[in-house]
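Asker: Please find one structure pasted underneath; my questions will follow.
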Amino acid sequence: MSDLVTGDAVVLGLRPARLPSRALAICLDVLVYGAGYLLVSIGVVFATASLDGAAQAAVSVGMFLLVLVGVPIAVETLTHGRSLGKLALGLRVVREDGGPIRFRHALVRGAMGVVELLITFGSVACIASLVSSRGRRLGDVFAGTLVVRERVPGARVMPVPPPPPWLAGRFTGLDLSAVPDGLWLTIRQYLTRMNQLDPHTGAAMAAKLADEVVARTGTPPPAGVPAAAFLMAVVHERQSRDAARAFGAAPQPAAYGAQAAPAPVPYGAMPAVPAPVVTAPPVAPPVHPAVVAPAQGSPVVPPRGGTGFAPPA
């Protein structure tokens, strides 16, 4: 099983799962959901014994959709693509760019799974997985997802390097909605492998990717920022927004390039300020005639070495 390779010849560390492991994971999930459906059916039969036939049929259809369709969708959404069977076999459902799935991905997969797995007893899913080069069934194709192996002996997924500290938070207000998932995937894989590339080739690729991001966002980066550092900061900003949405924390909008305001100190928590002590002014030492001191009260302006953001000394 080989690694995935993008169009820019960047090796993707994630490895797609094949039909045998996926089929075994689905069988485990079906056993668990089937046992739950049987227990719920027994309880519903006793609870609806006094109803007529039409009402019992409606309750049975609703229970079928809830247990065998709604529960798998909820499990994949809450666990970010790890059902019980996939967790046992080290598999996970991810987006095509390697990110975690959301409710819409799990909904499309669950809706297509009714036809692929339940109605046709998995025959359509098996055929589609055998035909696909990455083992994807129709639900994965329509949802834009991929089932990958998380536990691979000897394989290690390289994390995206963090941006320089002097660029953190500079792109909070940048509009990233127009950047496609394919471009994010290429940027992430370049950043994880840029140390393995030739310096000249890596710099040219970083400049090309940065130009594409600028063309999508419509906002140029600050002057003097290297292309690789710009890509790190933009990817970090997108990951921060995804994490905020996943954990329910709404990010605070800020102007592009603006500094984050410090958190206000609550009243009563401020340290006590001691009273000033009035002392006699010290006598200034004699100044050599060759040394010219700046006038008292004039601000001292440090020299600037260039434009744009620069790392602190």
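Identifiers in the structure tokens: chain A, B, ... in order shown; residue index from 1 per chain; ligand index from 1 in order shown.
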What residues in segment 51-178 of chain A get the DSSP label strand (DSSP E or B)? Please answer as a PDB file with all heavy atoms, in the first residue's frame.

Answerer:
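This went into selection.pdb:
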ATOM      1  N   LEU A  91      -8.929   2.605  11.728  1.00  0.00           N
ATOM      2  CA  LEU A  91      -9.358   3.352  10.549  1.00  0.00           C
ATOM      3  C   LEU A  91     -10.044   4.644  10.982  1.00  0.00           C
ATOM      4  O   LEU A  91     -10.473   4.786  12.131  1.00  0.00           O
ATOM      5  CB  LEU A  91     -10.309   2.523   9.683  1.00  0.00           C
ATOM      6  CG  LEU A  91      -9.842   1.129   9.265  1.00  0.00           C
ATOM      7  CD1 LEU A  91     -10.893   0.468   8.394  1.00  0.00           C
ATOM      8  CD2 LEU A  91      -8.509   1.204   8.546  1.00  0.00           C
ATOM      9  N   ARG A  92     -10.152   5.554  10.031  1.00  0.00           N
ATOM     10  CA  ARG A  92     -10.814   6.825  10.310  1.00  0.00           C
ATOM     11  C   ARG A  92     -11.284   7.442   9.005  1.00  0.00           C
ATOM     12  O   ARG A  92     -10.604   7.334   7.981  1.00  0.00           O
ATOM     13  CB  ARG A  92      -9.870   7.791  11.031  1.00  0.00           C
ATOM     14  CG  ARG A  92     -10.511   9.116  11.401  1.00  0.00           C
ATOM     15  CD  ARG A  92      -9.507  10.066  12.018  1.00  0.00           C
ATOM     16  NE  ARG A  92     -10.105  11.332  12.372  1.00  0.00           N
ATOM     17  CZ  ARG A  92      -9.442  12.378  12.848  1.00  0.00           C
ATOM     18  NH1 ARG A  92      -8.132  12.302  13.013  1.00  0.00           N
ATOM     19  NH2 ARG A  92     -10.054  13.497  13.151  1.00  0.00           N
ATOM     20  N   VAL A  93     -12.436   8.110   9.046  1.00  0.00           N
ATOM     21  CA  VAL A  93     -12.963   8.830   7.895  1.00  0.00           C
ATOM     22  C   VAL A  93     -12.493  10.278   7.981  1.00  0.00           C
ATOM     23  O   VAL A  93     -12.707  10.945   9.001  1.00  0.00           O
ATOM     24  CB  VAL A  93     -14.500   8.772   7.852  1.00  0.00           C
ATOM     25  CG1 VAL A  93     -15.027   9.465   6.589  1.00  0.00           C
ATOM     26  CG2 VAL A  93     -14.981   7.332   7.891  1.00  0.00           C
ATOM     27  N   VAL A  94     -11.843  10.760   6.937  1.00  0.00           N
ATOM     28  CA  VAL A  94     -11.340  12.134   6.880  1.00  0.00           C
ATOM     29  C   VAL A  94     -11.788  12.765   5.567  1.00  0.00           C
ATOM     30  O   VAL A  94     -12.260  12.080   4.653  1.00  0.00           O
ATOM     31  CB  VAL A  94      -9.799  12.186   6.992  1.00  0.00           C
ATOM     32  CG1 VAL A  94      -9.340  11.651   8.330  1.00  0.00           C
ATOM     33  CG2 VAL A  94      -9.157  11.404   5.845  1.00  0.00           C
ATOM     34  N   ARG A  95     -11.641  14.077   5.498  1.00  0.00           N
ATOM     35  CA  ARG A  95     -11.873  14.765   4.233  1.00  0.00           C
ATOM     36  C   ARG A  95     -10.743  14.482   3.265  1.00  0.00           C
ATOM     37  O   ARG A  95      -9.703  13.956   3.640  1.00  0.00           O
ATOM     38  CB  ARG A  95     -12.006  16.280   4.459  1.00  0.00           C
ATOM     39  CG  ARG A  95     -13.113  16.699   5.400  1.00  0.00           C
ATOM     40  CD  ARG A  95     -13.378  18.196   5.238  1.00  0.00           C
ATOM     41  NE  ARG A  95     -12.168  18.976   5.431  1.00  0.00           N
ATOM     42  CZ  ARG A  95     -11.895  19.683   6.515  1.00  0.00           C
ATOM     43  NH1 ARG A  95     -12.743  19.691   7.523  1.00  0.00           N
ATOM     44  NH2 ARG A  95     -10.775  20.381   6.609  1.00  0.00           N
ATOM     45  N   PRO A 100     -10.737  16.742   9.613  1.00  0.00           N
ATOM     46  CA  PRO A 100     -11.844  15.969  10.198  1.00  0.00           C
ATOM     47  C   PRO A 100     -13.157  16.240   9.466  1.00  0.00           C
ATOM     48  O   PRO A 100     -13.392  17.342   8.942  1.00  0.00           O
ATOM     49  CB  PRO A 100     -11.889  16.464  11.641  1.00  0.00           C
ATOM     50  CG  PRO A 100     -11.308  17.831  11.597  1.00  0.00           C
ATOM     51  CD  PRO A 100     -10.254  17.806  10.526  1.00  0.00           C
ATOM     52  N   THR A 145     -14.961  12.374   0.989  1.00  0.00           N
ATOM     53  CA  THR A 145     -14.235  11.828   2.139  1.00  0.00           C
ATOM     54  C   THR A 145     -13.367  10.663   1.704  1.00  0.00           C
ATOM     55  O   THR A 145     -13.424  10.196   0.560  1.00  0.00           O
ATOM     56  CB  THR A 145     -15.215  11.365   3.226  1.00  0.00           C
ATOM     57  OG1 THR A 145     -16.126  10.385   2.674  1.00  0.00           O
ATOM     58  CG2 THR A 145     -16.010  12.529   3.776  1.00  0.00           C
ATOM     59  N   LEU A 146     -12.587  10.183   2.656  1.00  0.00           N
ATOM     60  CA  LEU A 146     -11.668   9.078   2.401  1.00  0.00           C
ATOM     61  C   LEU A 146     -11.446   8.351   3.719  1.00  0.00           C
ATOM     62  O   LEU A 146     -11.284   8.977   4.766  1.00  0.00           O
ATOM     63  CB  LEU A 146     -10.341   9.603   1.867  1.00  0.00           C
ATOM     64  CG  LEU A 146      -9.220   8.584   1.625  1.00  0.00           C
ATOM     65  CD1 LEU A 146      -9.575   7.661   0.473  1.00  0.00           C
ATOM     66  CD2 LEU A 146      -7.911   9.305   1.341  1.00  0.00           C
ATOM     67  N   VAL A 147     -11.478   7.019   3.670  1.00  0.00           N
ATOM     68  CA  VAL A 147     -11.195   6.201   4.850  1.00  0.00           C
ATOM     69  C   VAL A 147      -9.712   5.855   4.828  1.00  0.00           C
ATOM     70  O   VAL A 147      -9.214   5.269   3.860  1.00  0.00           O
ATOM     71  CB  VAL A 147     -12.060   4.923   4.874  1.00  0.00           C
ATOM     72  CG1 VAL A 147     -11.734   4.086   6.106  1.00  0.00           C
ATOM     73  CG2 VAL A 147     -13.534   5.284   4.862  1.00  0.00           C
ATOM     74  N   VAL A 148      -8.991   6.230   5.873  1.00  0.00           N
ATOM     75  CA  VAL A 148      -7.546   6.047   5.935  1.00  0.00           C
ATOM     76  C   VAL A 148      -7.186   5.184   7.129  1.00  0.00           C
ATOM     77  O   VAL A 148      -7.987   4.982   8.055  1.00  0.00           O
ATOM     78  CB  VAL A 148      -6.815   7.409   6.034  1.00  0.00           C
ATOM     79  CG1 VAL A 148      -7.087   8.253   4.809  1.00  0.00           C
ATOM     80  CG2 VAL A 148      -7.227   8.146   7.296  1.00  0.00           C
ATOM     81  N   ARG A 149      -5.967   4.694   7.088  1.00  0.00           N
ATOM     82  CA  ARG A 149      -5.424   3.911   8.196  1.00  0.00           C
ATOM     83  C   ARG A 149      -4.639   4.838   9.117  1.00  0.00           C
ATOM     84  O   ARG A 149      -3.733   5.537   8.676  1.00  0.00           O
ATOM     85  CB  ARG A 149      -4.524   2.800   7.667  1.00  0.00           C
ATOM     86  CG  ARG A 149      -5.231   1.771   6.803  1.00  0.00           C
ATOM     87  CD  ARG A 149      -4.246   0.753   6.261  1.00  0.00           C
ATOM     88  NE  ARG A 149      -3.526   0.083   7.345  1.00  0.00           N
ATOM     89  CZ  ARG A 149      -2.510  -0.757   7.143  1.00  0.00           C
ATOM     90  NH1 ARG A 149      -2.080  -0.978   5.912  1.00  0.00           N
ATOM     91  NH2 ARG A 149      -1.922  -1.337   8.166  1.00  0.00           N
TER      92      ARG A 149
END

Asker: How would you write, as a CSV table (one decimal) with N, CA, C and O atoms, in the first residue's frame, the set of residues in segment 39-133 of chain A that DSSP gives as alpha helix (DSSP H)?

Answerer:
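Output file part12.csv follows:
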chain,number,residue,atom,x,y,z
A,39,LEU,N,-32.8,-5.0,20.5
A,39,LEU,CA,-33.2,-4.7,21.8
A,39,LEU,C,-34.3,-3.6,21.8
A,39,LEU,O,-35.3,-3.7,22.5
A,40,VAL,N,-34.1,-2.6,21.0
A,40,VAL,CA,-35.1,-1.5,20.9
A,40,VAL,C,-36.4,-2.0,20.3
A,40,VAL,O,-37.5,-1.6,20.7
A,41,SER,N,-36.3,-3.0,19.3
A,41,SER,CA,-37.5,-3.5,18.7
A,41,SER,C,-38.3,-4.3,19.7
A,41,SER,O,-39.6,-4.2,19.7
A,42,ILE,N,-37.7,-5.0,20.6
A,42,ILE,CA,-38.4,-5.8,21.6
A,42,ILE,C,-39.2,-4.8,22.5
A,42,ILE,O,-40.3,-5.0,22.8
A,43,GLY,N,-38.5,-3.7,22.9
A,43,GLY,CA,-39.1,-2.8,23.8
A,43,GLY,C,-40.3,-2.1,23.1
A,43,GLY,O,-41.3,-1.8,23.7
A,44,VAL,N,-40.1,-1.7,21.8
A,44,VAL,CA,-41.2,-1.0,21.0
A,44,VAL,C,-42.4,-2.0,20.8
A,44,VAL,O,-43.5,-1.5,20.8
A,45,VAL,N,-42.1,-3.3,20.6
A,45,VAL,CA,-43.3,-4.2,20.4
A,45,VAL,C,-44.2,-4.2,21.6
A,45,VAL,O,-45.4,-4.2,21.5
A,46,PHE,N,-43.6,-4.3,22.8
A,46,PHE,CA,-44.4,-4.3,24.0
A,46,PHE,C,-45.0,-2.9,24.3
A,46,PHE,O,-46.1,-2.8,24.8
A,47,ALA,N,-44.3,-1.8,23.9
A,47,ALA,CA,-44.9,-0.5,24.1
A,47,ALA,C,-46.0,-0.1,23.2
A,47,ALA,O,-46.9,0.7,23.5
A,53,GLY,N,-52.4,-1.5,13.4
A,53,GLY,CA,-51.3,-1.9,12.5
A,53,GLY,C,-50.6,-0.8,11.8
A,53,GLY,O,-49.4,-0.8,11.7
A,54,ALA,N,-51.3,0.2,11.4
A,54,ALA,CA,-50.7,1.4,10.7
A,54,ALA,C,-49.7,2.1,11.6
A,54,ALA,O,-48.6,2.5,11.3
A,55,ALA,N,-50.2,2.3,12.9
A,55,ALA,CA,-49.3,3.0,13.8
A,55,ALA,C,-48.1,2.2,14.2
A,55,ALA,O,-47.0,2.7,14.3
A,56,GLN,N,-48.2,0.9,14.3
A,56,GLN,CA,-47.1,0.0,14.6
A,56,GLN,C,-46.1,0.1,13.4
A,56,GLN,O,-44.9,0.1,13.6
A,57,ALA,N,-46.6,0.1,12.2
A,57,ALA,CA,-45.7,0.1,11.0
A,57,ALA,C,-45.0,1.5,11.0
A,57,ALA,O,-43.8,1.5,10.7
A,58,ALA,N,-45.6,2.6,11.3
A,58,ALA,CA,-45.0,3.9,11.3
A,58,ALA,C,-43.9,3.9,12.4
A,58,ALA,O,-42.8,4.4,12.1
A,59,VAL,N,-44.2,3.4,13.5
A,59,VAL,CA,-43.2,3.4,14.6
A,59,VAL,C,-42.0,2.5,14.2
A,59,VAL,O,-40.8,2.8,14.5
A,60,SER,N,-42.3,1.4,13.5
A,60,SER,CA,-41.2,0.5,13.1
A,60,SER,C,-40.3,1.2,12.1
A,60,SER,O,-39.0,1.0,12.2
A,61,VAL,N,-40.9,1.9,11.1
A,61,VAL,CA,-40.0,2.6,10.1
A,61,VAL,C,-39.2,3.7,10.8
A,61,VAL,O,-38.0,3.8,10.5
A,62,GLY,N,-39.8,4.4,11.7
A,62,GLY,CA,-39.1,5.5,12.4
A,62,GLY,C,-38.0,4.9,13.2
A,62,GLY,O,-36.9,5.5,13.3
A,63,MET,N,-38.2,3.8,13.9
A,63,MET,CA,-37.2,3.2,14.7
A,63,MET,C,-36.0,2.7,13.8
A,63,MET,O,-34.9,2.8,14.2
A,64,PHE,N,-36.4,2.1,12.6
A,64,PHE,CA,-35.3,1.6,11.7
A,64,PHE,C,-34.4,2.8,11.3
A,64,PHE,O,-33.2,2.7,11.3
A,65,LEU,N,-35.1,3.9,10.9
A,65,LEU,CA,-34.3,5.0,10.4
A,65,LEU,C,-33.4,5.7,11.5
A,65,LEU,O,-32.3,6.1,11.3
A,71,VAL,N,-28.2,6.9,14.1
A,71,VAL,CA,-27.1,6.6,15.1
A,71,VAL,C,-25.8,6.6,14.4
A,71,VAL,O,-24.8,7.2,14.9
A,72,PRO,N,-25.6,5.9,13.3
A,72,PRO,CA,-24.2,5.9,12.6
A,72,PRO,C,-23.8,7.3,12.2
A,72,PRO,O,-22.6,7.7,12.3
A,73,ILE,N,-24.8,8.1,11.7
A,73,ILE,CA,-24.4,9.5,11.4
A,73,ILE,C,-24.0,10.3,12.6
A,73,ILE,O,-23.0,11.1,12.6
A,74,ALA,N,-24.7,10.2,13.7
A,74,ALA,CA,-24.3,10.9,14.9
A,74,ALA,C,-23.0,10.4,15.5
A,74,ALA,O,-22.2,11.2,15.9
A,75,VAL,N,-22.7,9.1,15.4
A,75,VAL,CA,-21.4,8.6,15.9
A,75,VAL,C,-20.3,9.1,15.1
A,75,VAL,O,-19.3,9.6,15.6
A,76,GLU,N,-20.4,9.1,13.7
A,76,GLU,CA,-19.3,9.6,12.9
A,76,GLU,C,-19.1,11.1,13.1
A,76,GLU,O,-18.0,11.6,13.0
A,77,THR,N,-20.2,11.8,13.3
A,77,THR,CA,-20.1,13.3,13.5
A,77,THR,C,-19.4,13.6,14.8
A,77,THR,O,-18.5,14.4,14.9
A,78,LEU,N,-19.8,12.9,15.9
A,78,LEU,CA,-19.3,13.2,17.2
A,78,LEU,C,-17.8,12.7,17.4
A,78,LEU,O,-17.0,13.3,18.1
A,84,LEU,N,-17.1,2.4,16.1
A,84,LEU,CA,-16.5,1.3,16.9
A,84,LEU,C,-15.7,0.4,16.1
A,84,LEU,O,-14.6,0.0,16.4
A,85,GLY,N,-16.2,0.0,14.9
A,85,GLY,CA,-15.5,-0.9,14.0
A,85,GLY,C,-14.2,-0.3,13.5
A,85,GLY,O,-13.1,-0.9,13.5
A,86,LYS,N,-14.3,1.0,13.1
A,86,LYS,CA,-13.1,1.7,12.6
A,86,LYS,C,-12.1,1.9,13.7
A,86,LYS,O,-10.9,1.8,13.5
A,87,LEU,N,-12.6,2.2,14.9
A,87,LEU,CA,-11.6,2.3,16.0
A,87,LEU,C,-10.9,1.1,16.3
A,87,LEU,O,-9.7,1.1,16.7
A,88,ALA,N,-11.6,-0.1,16.2
A,88,ALA,CA,-11.0,-1.4,16.5
A,88,ALA,C,-9.9,-1.7,15.5
A,88,ALA,O,-8.9,-2.4,15.8
A,89,LEU,N,-10.1,-1.3,14.2
A,89,LEU,CA,-9.1,-1.7,13.2
A,89,LEU,C,-8.2,-0.5,12.8
A,89,LEU,O,-7.4,-0.6,11.9
A,103,PHE,N,-20.8,17.2,10.0
A,103,PHE,CA,-22.1,16.6,9.9
A,103,PHE,C,-22.6,16.4,8.5
A,103,PHE,O,-23.1,15.3,8.2
A,104,ARG,N,-22.3,17.3,7.6
A,104,ARG,CA,-22.7,17.1,6.2
A,104,ARG,C,-22.0,15.9,5.5
A,104,ARG,O,-22.6,15.2,4.7
A,105,HIS,N,-20.7,15.7,5.9
A,105,HIS,CA,-20.1,14.6,5.3
A,105,HIS,C,-20.7,13.3,5.8
A,105,HIS,O,-20.9,12.3,5.1
A,106,ALA,N,-20.9,13.2,7.2
A,106,ALA,CA,-21.5,12.0,7.7
A,106,ALA,C,-22.9,11.8,7.2
A,106,ALA,O,-23.4,10.6,7.0
A,107,LEU,N,-23.7,12.9,7.0
A,107,LEU,CA,-25.0,12.7,6.5
A,107,LEU,C,-25.1,12.1,5.1
A,107,LEU,O,-25.9,11.2,4.8
A,108,VAL,N,-24.2,12.6,4.2
A,108,VAL,CA,-24.1,12.1,2.8
A,108,VAL,C,-23.7,10.6,2.9
A,108,VAL,O,-24.3,9.7,2.2
A,109,ARG,N,-22.7,10.3,3.7
A,109,ARG,CA,-22.2,8.9,3.8
A,109,ARG,C,-23.3,8.0,4.3
A,109,ARG,O,-23.5,6.9,3.9
A,110,GLY,N,-24.1,8.5,5.4
A,110,GLY,CA,-25.1,7.6,5.9
A,110,GLY,C,-26.3,7.5,5.0
A,110,GLY,O,-26.9,6.4,4.9
A,111,ALA,N,-26.6,8.5,4.2
A,111,ALA,CA,-27.7,8.4,3.2
A,111,ALA,C,-27.4,7.4,2.1
A,111,ALA,O,-28.2,6.6,1.7
A,112,MET,N,-26.2,7.5,1.6
A,112,MET,CA,-25.7,6.6,0.6
A,112,MET,C,-25.5,5.2,1.1
A,112,MET,O,-25.6,4.2,0.4
A,113,GLY,N,-25.2,5.1,2.4
A,113,GLY,CA,-25.0,3.8,3.0
A,113,GLY,C,-26.3,2.9,3.1
A,113,GLY,O,-26.2,1.7,3.1
A,123,SER,N,-23.2,-5.1,-1.7
A,123,SER,CA,-22.6,-5.4,-3.0
A,123,SER,C,-22.1,-4.2,-3.8
A,123,SER,O,-21.1,-4.2,-4.4
A,124,VAL,N,-23.0,-3.1,-3.8
A,124,VAL,CA,-22.6,-1.9,-4.5
A,124,VAL,C,-21.3,-1.3,-3.9
A,124,VAL,O,-20.4,-0.8,-4.6
A,125,ALA,N,-21.3,-1.3,-2.6
A,125,ALA,CA,-20.1,-0.7,-1.9
A,125,ALA,C,-18.8,-1.5,-2.2
A,125,ALA,O,-17.7,-0.9,-2.4
A,126,CYS,N,-18.9,-2.8,-2.3
A,126,CYS,CA,-17.8,-3.7,-2.6
A,126,CYS,C,-17.3,-3.4,-4.0
A,126,CYS,O,-16.1,-3.3,-4.3
A,127,ILE,N,-18.2,-3.3,-5.0
A,127,ILE,CA,-17.8,-3.1,-6.4
A,127,ILE,C,-17.2,-1.7,-6.5
A,127,ILE,O,-16.1,-1.5,-7.2
A,128,ALA,N,-17.8,-0.7,-5.9
A,128,ALA,CA,-17.2,0.7,-6.0
A,128,ALA,C,-15.8,0.7,-5.3
A,128,ALA,O,-14.9,1.4,-5.8
A,129,SER,N,-15.7,0.1,-4.2
A,129,SER,CA,-14.4,0.1,-3.5
A,129,SER,C,-13.3,-0.7,-4.3
A,129,SER,O,-12.1,-0.2,-4.3
A,130,LEU,N,-13.7,-1.7,-5.0
A,130,LEU,CA,-12.7,-2.4,-5.8
A,130,LEU,C,-12.3,-1.6,-7.1
A,130,LEU,O,-11.2,-1.7,-7.5
A,131,VAL,N,-13.3,-0.9,-7.6
A,131,VAL,CA,-13.0,-0.1,-8.8
A,131,VAL,C,-12.1,1.2,-8.5
A,131,VAL,O,-11.2,1.5,-9.3

Asker: Hey, what's within 6 Å of Leu185 of chain A if we count only C-alpha atoms and toss same-chain stuff fewer than 3 positions away? As a list in words, please?

Answerer: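 The residues that qualify are Asp97, Gly182 and Arg188 of chain A.
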
Asker: Report the distance between atom CA of Arg102 of chain A and atom CA of Arg82 of chain A in Å, rounded to one decimal place.

Answerer: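 Atom CA of Arg102 of chain A sits 12.1 Å away from atom CA of Arg82 of chain A.
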
Asker: Quick one: which segment 67-171 of chain A residues come within 8 Å of segment 219-236 of chain A, and what is the nearest atom pair for each with the distance in Å to one decimal, counting only C-alpha atoms, rows ordered by chain and ascending number, as a tab-separated table?

Answerer:
residue	atom	partner	partner_atom	distance
A:Val160	CA	A:Met232	CA	7.7
A:Pro161	CA	A:Met232	CA	6.9
A:Pro162	CA	A:Met232	CA	6.2
A:Pro163	CA	A:Met232	CA	4.9
A:Pro164	CA	A:Ala229	CA	6.8
A:Leu167	CA	A:Ala233	CA	6.4
A:Ala168	CA	A:Ala233	CA	6.6
A:Arg170	CA	A:Ala233	CA	7.9
A:Phe171	CA	A:Val234	CA	6.8

Asker: Write to file, as a short mmCIF file (atom, residue, chain, number, x, y, z; two decimals), in the first residue's frame, the residues of the selection just made, with all heavy atoms.

Answerer:
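Result file follows (part37.cif):
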data_model
loop_
_atom_site.label_atom_id
_atom_site.label_comp_id
_atom_site.auth_asym_id
_atom_site.auth_seq_id
_atom_site.Cartn_x
_atom_site.Cartn_y
_atom_site.Cartn_z
N VAL A 160 2.25 19.96 10.59
CA VAL A 160 2.56 21.22 9.92
C VAL A 160 3.34 22.09 10.89
O VAL A 160 2.93 22.29 12.04
CB VAL A 160 1.26 21.92 9.49
CG1 VAL A 160 1.57 23.29 8.87
CG2 VAL A 160 0.50 21.06 8.50
N PRO A 161 4.50 22.61 10.49
CA PRO A 161 5.29 23.45 11.42
C PRO A 161 4.53 24.71 11.80
O PRO A 161 3.80 25.28 10.97
CB PRO A 161 6.57 23.75 10.63
CG PRO A 161 6.19 23.57 9.20
CD PRO A 161 5.15 22.49 9.18
N PRO A 162 4.68 25.18 13.04
CA PRO A 162 3.98 26.41 13.45
C PRO A 162 4.60 27.63 12.80
O PRO A 162 5.77 27.63 12.42
CB PRO A 162 4.18 26.41 14.98
CG PRO A 162 5.45 25.65 15.19
CD PRO A 162 5.48 24.59 14.12
N PRO A 163 3.83 28.71 12.68
CA PRO A 163 4.38 29.93 12.09
C PRO A 163 5.32 30.63 13.06
O PRO A 163 5.34 30.32 14.26
CB PRO A 163 3.13 30.78 11.83
CG PRO A 163 2.15 30.32 12.85
CD PRO A 163 2.42 28.85 13.05
N PRO A 164 6.12 31.56 12.59
CA PRO A 164 6.97 32.33 13.50
C PRO A 164 6.13 33.07 14.53
O PRO A 164 5.00 33.48 14.24
CB PRO A 164 7.71 33.29 12.57
CG PRO A 164 7.65 32.65 11.22
CD PRO A 164 6.36 31.91 11.18
N LEU A 167 4.37 36.29 13.61
CA LEU A 167 3.27 36.27 12.64
C LEU A 167 1.99 35.69 13.24
O LEU A 167 0.97 35.65 12.56
CB LEU A 167 3.66 35.43 11.42
CG LEU A 167 4.37 36.17 10.27
CD1 LEU A 167 4.62 35.22 9.12
CD2 LEU A 167 3.55 37.36 9.80
N ALA A 168 2.03 35.21 14.48
CA ALA A 168 0.85 34.60 15.09
C ALA A 168 -0.24 35.66 15.29
O ALA A 168 0.01 36.73 15.84
CB ALA A 168 1.22 33.97 16.44
N ARG A 170 -1.74 37.45 13.01
CA ARG A 170 -1.76 38.54 12.04
C ARG A 170 -2.85 38.39 10.98
O ARG A 170 -3.21 39.36 10.32
CB ARG A 170 -0.40 38.63 11.33
CG ARG A 170 0.76 39.00 12.24
CD ARG A 170 0.73 40.46 12.59
NE ARG A 170 1.89 40.85 13.39
CZ ARG A 170 2.13 42.08 13.77
NH1 ARG A 170 1.29 43.05 13.42
NH2 ARG A 170 3.19 42.37 14.51
N PHE A 171 -3.36 37.18 10.79
CA PHE A 171 -4.33 36.92 9.71
C PHE A 171 -5.67 36.49 10.27
O PHE A 171 -6.38 35.68 9.67
CB PHE A 171 -3.78 35.86 8.76
CG PHE A 171 -2.43 36.20 8.19
CD1 PHE A 171 -1.27 35.68 8.75
CD2 PHE A 171 -2.33 37.05 7.12
CE1 PHE A 171 -0.03 36.01 8.23
CE2 PHE A 171 -1.09 37.39 6.59
CZ PHE A 171 0.06 36.87 7.15
#

Asker: Determine, counting only C-alpha atoms, which protein, DNA and RNA residues have an atom within 12 Å of an atom of Ala204 of chain A; residues of the same chain fewer than 5 positions away are not included. Present the result as a list in words.

Answerer: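 Here the answer would be Tyr190, Met194, Leu197, Asp198, Pro199, Leu209, Ala210, Asp211, Pro226, Ala227 and Ala228 of chain A.
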
Asker: Can you write just those residues out, C-alpha atoms, as a short mmCIF file (atom, residue, chain, number, x, y, z; two decimals), in the first residue's frame?

Answerer:
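Output (result_8.cif):
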data_model
loop_
_atom_site.label_atom_id
_atom_site.label_comp_id
_atom_site.auth_asym_id
_atom_site.auth_seq_id
_atom_site.Cartn_x
_atom_site.Cartn_y
_atom_site.Cartn_z
CA TYR A 190 4.46 21.11 1.10
CA MET A 194 9.71 21.42 2.61
CA LEU A 197 13.20 19.56 -0.99
CA ASP A 198 15.96 21.37 -2.79
CA PRO A 199 16.16 24.96 -1.43
CA LEU A 209 1.45 28.54 -3.50
CA ALA A 210 1.55 31.93 -1.76
CA ASP A 211 0.53 33.65 -5.00
CA PRO A 226 8.76 35.08 3.36
CA ALA A 227 6.40 32.92 1.33
CA ALA A 228 6.89 29.83 3.53
#

Asker: Just give me the gap between atom CA of Arg22 of chain A and atom CA of Ala143 of chain A in Å, one decimal is fine.

Answerer: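 Atom CA of Arg22 of chain A sits 17.0 Å away from atom CA of Ala143 of chain A.
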
Asker: Measure the distance from atom CA of Lys208 of chain A to atom CA of Trp166 of chain A in Å and round it to one decimal.

Answerer: 22.9 Å

Asker: Which residues, written as a PyMOL selection string, have at least one atom at most 9 Å from Thr192 of chain A, with only C-alpha atoms counted and residues fewer than 3 positions away on the same chain left out?

Answerer: chain A and resi 157-161+187-189+195-196
